[in-house]
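Source file: work-v6.tsv. Holds: TSV, C-alpha atoms.
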chain	number	residue	atom	x	y	z
A	1	MET	CA	-29.49	33.39	7.17
A	2	LEU	CA	-27.36	30.70	5.51
A	3	VAL	CA	-26.04	31.88	2.15
A	4	LEU	CA	-23.45	29.21	1.42
A	5	VAL	CA	-21.98	26.40	3.39
A	6	ALA	CA	-19.44	23.78	2.38
A	7	MET	CA	-17.70	23.32	5.68
A	8	SER	CA	-16.52	19.81	5.06
A	9	GLY	CA	-16.53	16.93	2.66
A	10	CYS	CA	-18.25	14.98	5.42
A	11	SER	CA	-21.91	15.88	5.80
A	12	GLU	CA	-21.99	14.82	9.44
A	13	SER	CA	-19.10	17.09	10.42
A	14	GLY	CA	-20.64	19.89	8.36
A	15	VAL	CA	-23.91	19.59	10.30
A	16	GLN	CA	-21.98	19.59	13.57
A	17	ALA	CA	-20.16	22.75	12.51
A	18	GLU	CA	-23.46	24.40	11.60
A	19	THR	CA	-24.92	23.48	14.97
A	20	GLU	CA	-21.88	24.89	16.75
A	21	LEU	CA	-22.11	28.14	14.75
A	22	ASP	CA	-25.76	28.53	15.69
A	23	ARG	CA	-24.84	28.04	19.34
A	24	LEU	CA	-21.93	30.51	19.19
A	25	PHE	CA	-23.95	33.24	17.53
A	26	GLU	CA	-27.25	32.69	19.32
A	27	PRO	CA	-26.97	36.06	21.17
A	28	TYR	CA	-26.91	37.85	17.79
A	29	ALA	CA	-29.95	36.04	16.40
A	30	GLY	CA	-32.69	37.12	18.81
A	31	PRO	CA	-35.67	39.17	17.61
A	32	GLY	CA	-34.99	42.90	17.44
A	33	MET	CA	-31.27	42.44	18.06
A	34	PRO	CA	-28.28	43.96	16.24
A	35	GLY	CA	-26.29	41.15	14.77
A	36	ALA	CA	-23.28	39.76	12.98
A	37	ALA	CA	-21.97	38.79	9.56
A	38	LEU	CA	-19.47	35.99	9.05
A	39	ARG	CA	-17.61	34.86	5.97
A	40	VAL	CA	-14.99	32.16	5.63
A	41	ILE	CA	-12.88	32.20	2.47
A	42	ARG	CA	-10.59	29.44	1.25
A	43	ASP	CA	-8.42	29.76	-1.87
A	44	GLY	CA	-10.17	33.02	-2.69
A	45	GLU	CA	-13.64	31.46	-2.77
A	46	PRO	CA	-16.40	31.67	-0.14
A	47	LEU	CA	-16.57	28.55	2.00
A	48	LEU	CA	-19.21	29.87	4.38
A	49	THR	CA	-21.38	32.97	4.71
A	50	ARG	CA	-23.73	33.42	7.66
A	51	THR	CA	-25.59	36.47	8.94
A	52	TRP	CA	-27.66	37.06	12.06
A	53	GLY	CA	-29.74	39.93	13.40
A	54	LEU	CA	-30.54	43.42	12.21
A	55	ALA	CA	-28.52	46.13	10.49
A	56	ASP	CA	-31.11	48.77	11.45
A	57	VAL	CA	-33.15	47.82	14.50
A	58	ASP	CA	-35.72	50.60	14.13
A	59	ALA	CA	-36.40	49.74	10.48
A	60	GLY	CA	-36.14	45.99	11.02
A	61	THR	CA	-33.56	45.67	8.23
A	62	PRO	CA	-31.79	42.30	8.33
A	63	ILE	CA	-28.02	42.00	7.97
A	64	GLY	CA	-26.82	40.56	4.67
A	65	ALA	CA	-23.54	39.92	2.91
A	66	ALA	CA	-23.69	43.39	1.35
A	67	THR	CA	-24.38	45.21	4.65
A	68	ASN	CA	-21.72	47.85	5.34
A	69	PHE	CA	-20.30	47.98	8.87
A	70	ARG	CA	-17.94	50.56	10.30
A	71	LEU	CA	-14.65	48.68	10.23
A	72	ALA	CA	-13.01	50.73	13.00
A	73	SER	CA	-9.34	49.73	13.22
A	74	VAL	CA	-9.64	47.11	10.48
A	75	THR	CA	-9.36	50.33	8.44
A	76	LYS	CA	-5.66	50.52	9.25
A	77	GLN	CA	-4.67	48.00	6.57
A	78	PHE	CA	-6.17	50.34	3.95
A	79	THR	CA	-4.35	53.38	5.37
A	80	ALA	CA	-1.10	51.41	5.31
A	81	THR	CA	-1.78	50.28	1.74
A	82	ALA	CA	-2.34	53.90	0.68
A	83	ILE	CA	1.04	54.83	2.17
A	84	MET	CA	2.75	51.95	0.36
A	85	LEU	CA	1.21	53.04	-2.94
A	86	LEU	CA	2.75	56.49	-2.44
A	87	VAL	CA	6.09	54.89	-1.58
A	88	GLU	CA	5.88	52.95	-4.86
A	89	ASP	CA	4.99	56.22	-6.61
A	90	GLY	CA	8.15	57.82	-5.19
A	91	ARG	CA	6.16	60.49	-3.36
A	92	LEU	CA	7.65	59.61	0.04
A	93	THR	CA	9.77	56.94	1.75
A	94	LEU	CA	9.31	54.87	4.86
A	95	GLU	CA	12.06	56.96	6.46
A	96	SER	CA	10.38	60.30	5.68
A	97	THR	CA	9.80	62.16	8.94
A	98	LEU	CA	6.95	64.32	10.19
A	99	THR	CA	9.06	67.42	9.78
A	100	ASP	CA	9.95	66.39	6.22
A	101	LEU	CA	6.29	66.07	5.38
A	102	PHE	CA	4.90	68.93	7.48
A	103	PRO	CA	7.52	71.71	7.77
A	104	GLU	CA	5.46	73.39	10.52
A	105	TYR	CA	5.63	70.29	12.71
A	106	PRO	CA	7.44	70.73	16.07
A	107	ALA	CA	11.06	69.66	16.24
A	108	TYR	CA	10.32	66.35	17.97
A	109	GLY	CA	8.72	65.19	14.72
A	110	SER	CA	12.16	64.99	13.10
A	111	GLY	CA	12.65	61.68	14.88
A	112	ILE	CA	9.30	60.14	13.87
A	113	THR	CA	9.27	58.32	10.54
A	114	VAL	CA	6.47	56.94	8.41
A	115	ARG	CA	7.71	53.46	9.33
A	116	HIS	CA	7.40	54.28	13.04
A	117	MET	CA	3.79	55.34	12.60
A	118	LEU	CA	2.88	52.30	10.52
A	119	GLN	CA	4.34	50.00	13.18
A	120	HIS	CA	2.98	51.88	16.23
A	121	ARG	CA	6.49	52.84	17.32
A	122	SER	CA	6.08	56.63	17.05
A	123	GLY	CA	5.35	57.40	20.70
A	124	LEU	CA	2.83	60.02	19.57
A	125	LEU	CA	0.41	61.13	22.27
A	126	ASP	CA	-3.11	59.67	22.08
A	127	TYR	CA	-5.45	62.26	20.65
A	128	GLU	CA	-8.68	60.87	22.11
A	129	PRO	CA	-8.18	62.22	25.67
A	130	MET	CA	-7.40	65.64	24.19
A	131	VAL	CA	-10.91	65.96	22.73
A	132	PRO	CA	-13.25	67.54	25.32
A	133	ASP	CA	-16.58	65.97	26.19
A	134	GLY	CA	-19.37	67.49	24.17
A	135	SER	CA	-17.12	68.68	21.36
A	136	PRO	CA	-18.11	68.10	17.72
A	137	GLN	CA	-16.59	65.17	15.87
A	138	VAL	CA	-12.89	65.57	15.15
A	139	HIS	CA	-11.31	64.88	11.77
A	140	ASP	CA	-7.83	63.77	10.75
A	141	ASP	CA	-6.71	67.36	10.22
A	142	ASP	CA	-7.89	68.18	13.76
A	143	VAL	CA	-5.64	65.39	15.04
A	144	LEU	CA	-2.73	66.96	13.16
A	145	ARG	CA	-3.50	70.33	14.73
A	146	LEU	CA	-3.56	68.76	18.19
A	147	MET	CA	-0.13	67.23	17.55
A	148	LEU	CA	1.25	70.54	16.31
A	149	ALA	CA	0.46	71.94	19.76
A	150	THR	CA	2.35	69.19	21.63
A	151	ASP	CA	6.04	69.06	22.42
A	152	ARG	CA	6.72	65.51	23.56
A	153	THR	CA	6.17	61.81	22.93
A	154	TYR	CA	5.53	58.88	25.26
A	155	PHE	CA	8.99	57.45	24.48
A	156	GLU	CA	11.89	57.86	22.08
A	157	PRO	CA	10.45	57.12	18.63
A	158	GLY	CA	11.34	53.64	17.44
A	159	SER	CA	12.27	52.32	20.87
A	160	GLU	CA	8.94	50.85	21.98
A	161	TYR	CA	5.58	49.61	20.75
A	162	ARG	CA	2.39	51.44	21.75
A	163	TYR	CA	-0.77	51.14	19.67
A	164	SER	CA	-1.51	54.58	18.25
A	165	ASN	CA	-4.64	55.82	16.54
A	166	THR	CA	-2.90	59.19	16.35
A	167	GLY	CA	-0.21	57.76	14.11
A	168	TYR	CA	-2.74	56.42	11.62
A	169	ALA	CA	-4.70	59.68	11.58
A	170	LEU	CA	-1.45	61.45	10.69
A	171	LEU	CA	-0.74	58.84	8.02
A	172	ALA	CA	-4.06	59.80	6.39
A	173	MET	CA	-2.90	63.42	6.38
A	174	ILE	CA	0.41	62.32	4.85
A	175	VAL	CA	-1.55	60.63	2.06
A	176	GLU	CA	-3.36	63.92	1.42
A	177	ALA	CA	-0.17	66.01	1.56
A	178	SER	CA	1.76	63.63	-0.71
A	179	SER	CA	-0.96	62.89	-3.25
A	180	GLY	CA	-2.75	66.23	-3.42
A	181	LYS	CA	-6.07	64.40	-2.99
A	182	SER	CA	-8.49	64.00	-0.13
A	183	PHE	CA	-7.88	60.73	1.69
A	184	ASP	CA	-11.32	59.35	0.82
A	185	VAL	CA	-10.82	60.16	-2.87
A	186	PHE	CA	-7.37	58.55	-2.87
A	187	LEU	CA	-8.78	55.40	-1.30
A	188	ARG	CA	-11.60	55.24	-3.82
A	189	GLU	CA	-9.42	55.81	-6.87
A	190	ARG	CA	-6.34	53.78	-5.91
A	191	ILE	CA	-7.74	50.98	-3.75
A	192	PHE	CA	-11.51	50.52	-3.70
A	193	GLU	CA	-12.21	50.86	-7.43
A	194	PRO	CA	-9.24	48.72	-8.58
A	195	ALA	CA	-10.29	46.01	-6.11
A	196	GLY	CA	-13.94	46.14	-7.22
A	197	MET	CA	-15.14	47.42	-3.83
A	198	SER	CA	-18.01	49.44	-5.20
A	199	SER	CA	-19.84	49.97	-1.89
A	200	THR	CA	-16.88	50.63	0.43
A	201	ILE	CA	-16.48	54.21	1.63
A	202	ALA	CA	-14.54	56.40	4.03
A	203	TYR	CA	-17.56	57.87	5.79
A	204	ARG	CA	-18.04	61.24	7.41
A	205	GLU	CA	-21.45	62.29	8.71
A	206	GLY	CA	-23.01	65.03	6.62
A	207	GLN	CA	-20.42	64.54	3.87
A	208	SER	CA	-21.10	61.06	2.48
A	209	THR	CA	-23.69	58.29	2.53
A	210	VAL	CA	-23.17	54.64	3.37
A	211	PRO	CA	-25.22	52.24	1.22
A	212	ASN	CA	-26.75	49.23	2.98
A	213	ARG	CA	-25.60	50.70	6.27
A	214	ALA	CA	-25.45	48.88	9.58
A	215	TYR	CA	-25.98	51.12	12.60
A	216	GLY	CA	-24.13	50.53	15.84
A	217	TYR	CA	-25.83	49.57	19.10
A	218	ARG	CA	-25.23	48.69	22.70
A	219	VAL	CA	-27.19	45.84	24.30
A	220	THR	CA	-27.63	45.89	28.09
A	221	ASN	CA	-29.71	43.20	29.78
A	222	GLY	CA	-31.61	42.68	26.55
A	223	ASP	CA	-32.30	46.39	26.02
A	224	VAL	CA	-31.01	47.83	22.74
A	225	ALA	CA	-29.74	51.43	22.57
A	226	SER	CA	-28.17	53.34	19.70
A	227	SER	CA	-24.39	53.66	19.94
A	228	ASP	CA	-23.48	54.53	16.39
A	229	GLN	CA	-21.15	57.54	16.48
A	230	SER	CA	-18.61	59.00	18.89
A	231	ARG	CA	-16.51	62.15	18.95
A	232	TRP	CA	-13.82	60.19	17.08
A	233	SER	CA	-15.95	58.42	14.46
A	234	ALA	CA	-15.14	60.92	11.71
A	235	VAL	CA	-11.38	60.32	11.80
A	236	TRP	CA	-10.67	58.40	8.61
A	237	GLY	CA	-7.13	57.08	8.92
A	238	ASP	CA	-7.49	55.11	12.12
A	239	GLY	CA	-10.99	53.69	11.66
A	240	GLY	CA	-13.38	55.51	9.34
A	241	ILE	CA	-14.06	53.00	6.56
A	242	TYR	CA	-17.38	51.18	6.10
A	243	SER	CA	-17.34	47.89	4.19
A	244	SER	CA	-19.14	44.56	3.84
A	245	LEU	CA	-18.41	40.86	3.64
A	246	ASP	CA	-18.78	41.01	-0.14
A	247	ASP	CA	-16.40	43.93	-0.63
A	248	LEU	CA	-13.84	42.66	1.87
A	249	ALA	CA	-13.80	39.33	0.03
A	250	ARG	CA	-13.03	41.26	-3.16
A	251	TRP	CA	-10.28	43.13	-1.32
A	252	TYR	CA	-8.52	40.01	-0.08
A	253	ARG	CA	-8.84	38.39	-3.50
A	254	ALA	CA	-7.19	41.47	-5.04
A	255	THR	CA	-4.38	41.54	-2.51
A	256	ASP	CA	-3.72	37.82	-2.89
A	257	ARG	CA	-3.41	38.30	-6.65
A	258	GLY	CA	-1.08	41.29	-6.30
A	259	ALA	CA	-3.57	43.58	-8.01
A	260	VAL	CA	-2.94	46.55	-5.71
A	261	LEU	CA	0.64	46.45	-4.41
A	262	SER	CA	3.90	44.92	-5.57
A	263	ALA	CA	5.00	41.69	-3.94
A	264	GLU	CA	7.82	43.59	-2.20
A	265	SER	CA	5.44	46.13	-0.66
A	266	ALA	CA	2.98	43.43	0.39
A	267	ALA	CA	5.81	41.52	2.09
A	268	LEU	CA	6.89	44.64	3.99
A	269	MET	CA	3.37	45.11	5.30
A	270	LEU	CA	3.46	41.59	6.74
A	271	THR	CA	6.91	41.82	8.34
A	272	PRO	CA	6.48	42.02	12.12
A	273	ALA	CA	8.33	44.54	14.27
A	274	LEU	CA	7.89	45.27	17.98
A	275	GLY	CA	4.54	44.03	19.26
A	276	ASN	CA	4.38	41.59	16.33
A	277	TYR	CA	2.91	44.44	14.29
A	278	GLY	CA	3.66	45.05	10.62
A	279	PHE	CA	1.88	47.73	8.60
A	280	GLY	CA	-1.82	47.48	9.49
A	281	TRP	CA	-1.58	43.84	10.62
A	282	TRP	CA	-0.48	41.79	13.58
A	283	ILE	CA	1.59	38.78	12.54
A	284	ASP	CA	1.88	35.76	14.83
A	285	GLU	CA	0.85	32.11	15.19
A	286	TYR	CA	-2.40	30.58	16.35
A	287	ARG	CA	-2.19	26.97	17.48
A	288	GLY	CA	0.79	26.37	15.23
A	289	HIS	CA	-0.68	28.15	12.20
A	290	ARG	CA	0.83	31.36	10.83
A	291	ARG	CA	-1.69	34.17	11.22
A	292	HIS	CA	-2.24	37.76	10.05
A	293	HIS	CA	-5.01	39.49	11.95
A	294	HIS	CA	-6.60	42.72	13.11
A	295	TYR	CA	-9.54	43.79	15.21
A	296	GLY	CA	-11.70	46.88	15.05
A	297	GLU	CA	-13.75	48.26	17.90
A	298	THR	CA	-15.62	51.51	18.27
A	299	SER	CA	-18.79	52.80	19.93
A	300	GLY	CA	-21.22	50.29	18.42
A	301	PHE	CA	-19.13	47.88	16.36
A	302	ARG	CA	-16.78	44.96	17.00
A	303	ASN	CA	-14.98	43.31	14.09
A	304	VAL	CA	-12.08	40.99	13.42
A	305	VAL	CA	-10.26	39.54	10.40
A	306	LEU	CA	-8.10	36.43	10.71
A	307	ARG	CA	-5.95	35.24	7.80
A	308	PHE	CA	-4.03	31.98	7.75
A	309	PRO	CA	-1.71	32.25	4.72
A	310	ASP	CA	-0.46	28.67	4.68
A	311	GLU	CA	-4.02	27.35	4.64
A	312	ARG	CA	-5.17	30.14	2.28
A	313	LEU	CA	-7.95	30.75	4.77
A	314	THR	CA	-9.61	34.05	5.74
A	315	ILE	CA	-12.26	34.61	8.40
A	316	ILE	CA	-14.16	37.93	8.43
A	317	LEU	CA	-16.48	38.69	11.34
A	318	LEU	CA	-18.37	42.01	11.47
A	319	THR	CA	-20.84	42.97	14.21
A	320	ASN	CA	-22.89	46.09	14.94
A	321	ARG	CA	-22.93	45.94	18.70
A	322	ALA	CA	-20.52	47.23	21.30
A	323	GLU	CA	-20.03	43.89	23.00
A	324	PRO	CA	-18.77	41.25	23.37
A	325	ASP	CA	-15.17	40.91	22.22
A	326	VAL	CA	-15.34	39.02	18.93
A	327	TYR	CA	-11.83	37.55	18.84
A	328	PRO	CA	-12.93	34.41	20.74
A	329	LEU	CA	-15.84	33.95	18.32
A	330	ALA	CA	-13.63	34.24	15.24
A	331	GLU	CA	-11.04	31.92	16.75
A	332	ARG	CA	-13.72	29.35	17.55
A	333	VAL	CA	-14.76	29.48	13.89
A	334	ALA	CA	-11.11	28.96	12.97
A	335	ASP	CA	-10.99	25.95	15.27
A	336	LEU	CA	-13.97	24.40	13.48
A	337	ILE	CA	-12.16	24.66	10.14
A	338	LEU	CA	-8.49	24.21	11.00

Would it be possible to restate this file's structure as structure tokens?
Amino acid sequence: MLVLVAMSGCSESGVQAETELDRLFEPYAGPGMPGAALRVIRDGEPLLTRTWGLADVDAGTPIGAATNFRLASVTKQFTATAIMLLVEDGRLTLESTLTDLFPEYPAYGSGITVRHMLQHRSGLLDYEPMVPDGSPQVHDDDVLRLMLATDRTYFEPGSEYRYSNTGYALLAMIVEASSGKSFDVFLRERIFEPAGMSSTIAYREGQSTVPNRAYGYRVTNGDVASSDQSRWSAVWGDGGIYSSLDDLARWYRATDRGAVLSAESAALMLTPALGNYGFGWWIDEYRGHRRHHHYGETSGFRNVVLRFPDERLTIILLTNRAEPDVYPLAERVADLIL
């Protein structure tokens, strides 16, 4: 479905871009297939919105701009923003340690700071392999309990980069401990509502409802199978938010206008450390263009956001299928525009 297109001042090049998009996303457009949602934003305004396929295959519900996808690790920018709000509130600092924040935490936590966790430099053990097959879904507080029972890290905190979902689950618990509110409530009150994201939610099965929900799937040789939830899908801090093209556009408009964080805090989030990672974003260059980006992948979803600050360009691609990798698709869209 084409909602808006103004790819170019030249109609011929615009048609060529449309043709290329149709070719790129043809696998998402087949009958009975889970699909994709794409939005390109320039100067805070939608340049292009395209959707393909079904949000709910059984019900035959088509994907639209308001369809909510599980963001997976695209969630991390919201977790990092929540932490920065509490830093601005004076409730904690970037140098606060796990033992400062959780007095019961084992001694090794005295060397792990909030900054380390934001930048994936904590060395915390991955929680996912610790969860037995067949166990019920784990929550952020379960991840904390697992870490309380450990006595080591992968490396000396701060010395290396290793992507860590554990760190972001613990950051969600730090938000709760520092604010006195449940993480989902804090997100709603301090981030989603101020940004006008009325349909975005930190989802937990049996506890909340996702409006306009996309369900996750796996497609194998043309056969579609449900792949919506995993043992880890109820952990909020590392990947538990559902949102849509419409709400994410509101979010990036709010952040660009400084409506959520101070300019100083926003700049810190986009300052790269080891691994070119800031707070919830990778920061690098793509074909000579400065880029902020993040992916999200979980059982039945693959997503990516690319932002090119010098061009004031944002590309949001959300899909409700477990394959393929969507970075190449988003980068091909960037190529068409840049």

Set up a box along x, y and z of the file covering all listed atoms of range 40-46 of chain A, add 5 Å on every one of the six sides, and write the centre and edge lengths in Å to one decimal, as AutoDock Vina command-line options.
--center_x -12.4 --center_y 31.2 --center_z 1.4 --size_x 18.0 --size_y 13.6 --size_z 18.4

When distances are computed from all atoms listed in the file, which of A:Asp133, A:Asp142, A:Leu313, A:Leu101 shows the smallest separation from Glu45 in chain A?
->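 Ranked by minimum distance to Glu45 in chain A, first place goes to A:Leu313.
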
A:Glu205, A:Asp247, A:Asp238, A:Glu331: which is nearest Leu171 in chain A, counting only C-alpha atoms?
->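 Of the candidates, the smallest distance to Leu171 in chain A is held by A:Asp238.
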
Which polymer residues have any atom within 12 Å of an atom of Asn212 in chain A, counting all atoms listed in the file, with same-chain residues fewer than 2 positions away left out, as an MDAnalysis selection string?
-> chainID A and resid 54:56 61:70 198:201 209:210 214:215 242:246

From A:Gly196, A:Gly216, A:Pro324, A:Gly288, residue lying nearest Glu311 in chain A [only C-alpha atoms] =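 Between A:Gly196, A:Gly216, A:Pro324, A:Gly288, the residue approaching Glu311 in chain A most closely is A:Gly288.
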
Pick from A:Tyr105, A:Trp232, A:Tyr203, A:Tyr154, whichever lies nearest to Glu297 in chain A using all atoms listed in the file =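 Ranked by minimum distance to Glu297 in chain A, first place goes to A:Trp232.
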
Near-range 318-321 of chain A list (7 Å; all atoms listed in the file; drop same-chain fewer than 5 positions) as a count of residues only = 16

Return the single residue from A:Ser135, A:Tyr108, A:Leu118, A:Ser164 that is closest to Arg152 in chain A, with distances computed using all atoms listed in the file.
-> A:Tyr108

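Among the candidates A:Ser208, A:Ser265, A:Thr75, A:Ser226, the one nearest to Met33 in chain A when counting all atoms listed in the file is A:Ser226.
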
At a cut-off of 8 Å, using only C-alpha atoms, what residues contact range 181-186 of chain A? Leave out same-chain residues fewer than 2 positions from it and give the result as a short mmCIF file (atom, residue, chain, number, x, y, z; two decimals) with C-alpha atoms, in the frame of the given file.
data_model
loop_
_atom_site.label_atom_id
_atom_site.label_comp_id
_atom_site.auth_asym_id
_atom_site.auth_seq_id
_atom_site.Cartn_x
_atom_site.Cartn_y
_atom_site.Cartn_z
CA ALA A 82 -2.34 53.90 0.68
CA ALA A 172 -4.06 59.80 6.39
CA MET A 173 -2.90 63.42 6.38
CA VAL A 175 -1.55 60.63 2.06
CA GLU A 176 -3.36 63.92 1.42
CA ALA A 177 -0.17 66.01 1.56
CA SER A 179 -0.96 62.89 -3.25
CA ARG A 188 -11.60 55.24 -3.82
CA GLU A 189 -9.42 55.81 -6.87
CA ARG A 190 -6.34 53.78 -5.91
CA ILE A 191 -7.74 50.98 -3.75
CA ILE A 201 -16.48 54.21 1.63
CA ALA A 202 -14.54 56.40 4.03
CA TRP A 236 -10.67 58.40 8.61
#

To one decimal place, how far is CA of Trp52 in chain A from CA of Ile315 in chain A in Å?
->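 We find that CA of Trp52 in chain A and CA of Ile315 in chain A lie 16.0 Å from each other.
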
Near Val131 in chain A, counting only C-alpha atoms, which residues have an atom at most 12 Å away, once you skip same-chain residues fewer than 3 positions from it, shown as a ChimeraX atom specification?
-> /A:126-128,134-139,142-143,145-146,230-232

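In this model, the gap between CA of Gly275 in chain A and CA of Ala107 in chain A comes to 26.6 Å.
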
Report the distance between CA of Val326 in chain A and CA of Phe308 in chain A in Å, rounded to one decimal place.
->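 One can read the CA of Val326 in chain A to CA of Phe308 in chain A distance as 17.4 Å.
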
For Tyr286 in chain A, work out the shell of residues within 10 Å, counting all atoms listed in the file and skipping chain neighbours fewer than 3 positions away, then give it as number ranges by chain.
-> A: 283, 289-292, 306, 308, 331, 334-335

Extract range 23-40 of chain A from the preceding block and save N, CA and C atoms as an mmCIF file, in the first residue's frame.
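After the write, decode_12.cif holds the following:
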data_model
loop_
_atom_site.group_PDB
_atom_site.id
_atom_site.type_symbol
_atom_site.label_atom_id
_atom_site.label_comp_id
_atom_site.auth_asym_id
_atom_site.auth_seq_id
_atom_site.Cartn_x
_atom_site.Cartn_y
_atom_site.Cartn_z
ATOM 1 N N ARG A 23 10.508 -4.145 -6.164
ATOM 2 C CA ARG A 23 11.371 -5.311 -6.391
ATOM 3 C C ARG A 23 12.008 -5.765 -5.081
ATOM 4 N N LEU A 24 12.513 -4.823 -4.291
ATOM 5 C CA LEU A 24 13.193 -5.158 -3.042
ATOM 6 C C LEU A 24 12.262 -5.868 -2.061
ATOM 7 N N PHE A 25 11.023 -5.405 -2.017
ATOM 8 C CA PHE A 25 10.101 -5.908 -0.994
ATOM 9 C C PHE A 25 9.093 -6.922 -1.549
ATOM 10 N N GLU A 26 9.350 -7.415 -2.740
ATOM 11 C CA GLU A 26 8.450 -8.399 -3.331
ATOM 12 C C GLU A 26 8.215 -9.617 -2.431
ATOM 13 N N PRO A 27 9.254 -10.139 -1.709
ATOM 14 C CA PRO A 27 9.004 -11.304 -0.848
ATOM 15 C C PRO A 27 8.018 -11.030 0.291
ATOM 16 N N TYR A 28 7.808 -9.760 0.639
ATOM 17 C CA TYR A 28 6.893 -9.419 1.730
ATOM 18 C C TYR A 28 5.471 -9.159 1.233
ATOM 19 N N ALA A 29 5.283 -9.152 -0.081
ATOM 20 C CA ALA A 29 4.010 -8.711 -0.643
ATOM 21 C C ALA A 29 3.125 -9.857 -1.115
ATOM 22 N N GLY A 30 3.594 -11.100 -1.023
ATOM 23 C CA GLY A 30 2.825 -12.220 -1.524
ATOM 24 C C GLY A 30 1.562 -12.465 -0.722
ATOM 25 N N PRO A 31 0.579 -13.120 -1.308
ATOM 26 C CA PRO A 31 -0.672 -13.411 -0.590
ATOM 27 C C PRO A 31 -0.428 -14.303 0.620
ATOM 28 N N GLY A 32 -1.056 -13.928 1.742
ATOM 29 C CA GLY A 32 -0.938 -14.719 2.963
ATOM 30 C C GLY A 32 0.399 -14.624 3.653
ATOM 31 N N MET A 33 1.200 -13.606 3.321
ATOM 32 C CA MET A 33 2.542 -13.494 3.876
ATOM 33 C C MET A 33 2.628 -12.405 4.947
ATOM 34 N N PRO A 34 3.385 -12.654 6.035
ATOM 35 C CA PRO A 34 3.732 -11.556 6.935
ATOM 36 C C PRO A 34 4.580 -10.550 6.161
ATOM 37 N N GLY A 35 4.591 -9.314 6.604
ATOM 38 C CA GLY A 35 5.147 -8.299 5.734
ATOM 39 C C GLY A 35 6.087 -7.304 6.370
ATOM 40 N N ALA A 36 5.987 -6.067 5.902
ATOM 41 C CA ALA A 36 6.943 -5.031 6.280
ATOM 42 C C ALA A 36 6.268 -3.674 6.226
ATOM 43 N N ALA A 37 6.850 -2.743 6.981
ATOM 44 C CA ALA A 37 6.393 -1.353 6.984
ATOM 45 C C ALA A 37 7.622 -0.464 6.904
ATOM 46 N N LEU A 38 7.590 0.481 5.984
ATOM 47 C CA LEU A 38 8.731 1.348 5.720
ATOM 48 C C LEU A 38 8.298 2.798 5.766
ATOM 49 N N ARG A 39 9.055 3.609 6.470
ATOM 50 C CA ARG A 39 8.848 5.056 6.407
ATOM 51 C C ARG A 39 10.188 5.749 6.270
ATOM 52 N N VAL A 40 10.209 6.742 5.380
ATOM 53 C CA VAL A 40 11.359 7.617 5.221
ATOM 54 C C VAL A 40 10.924 9.012 5.637
#
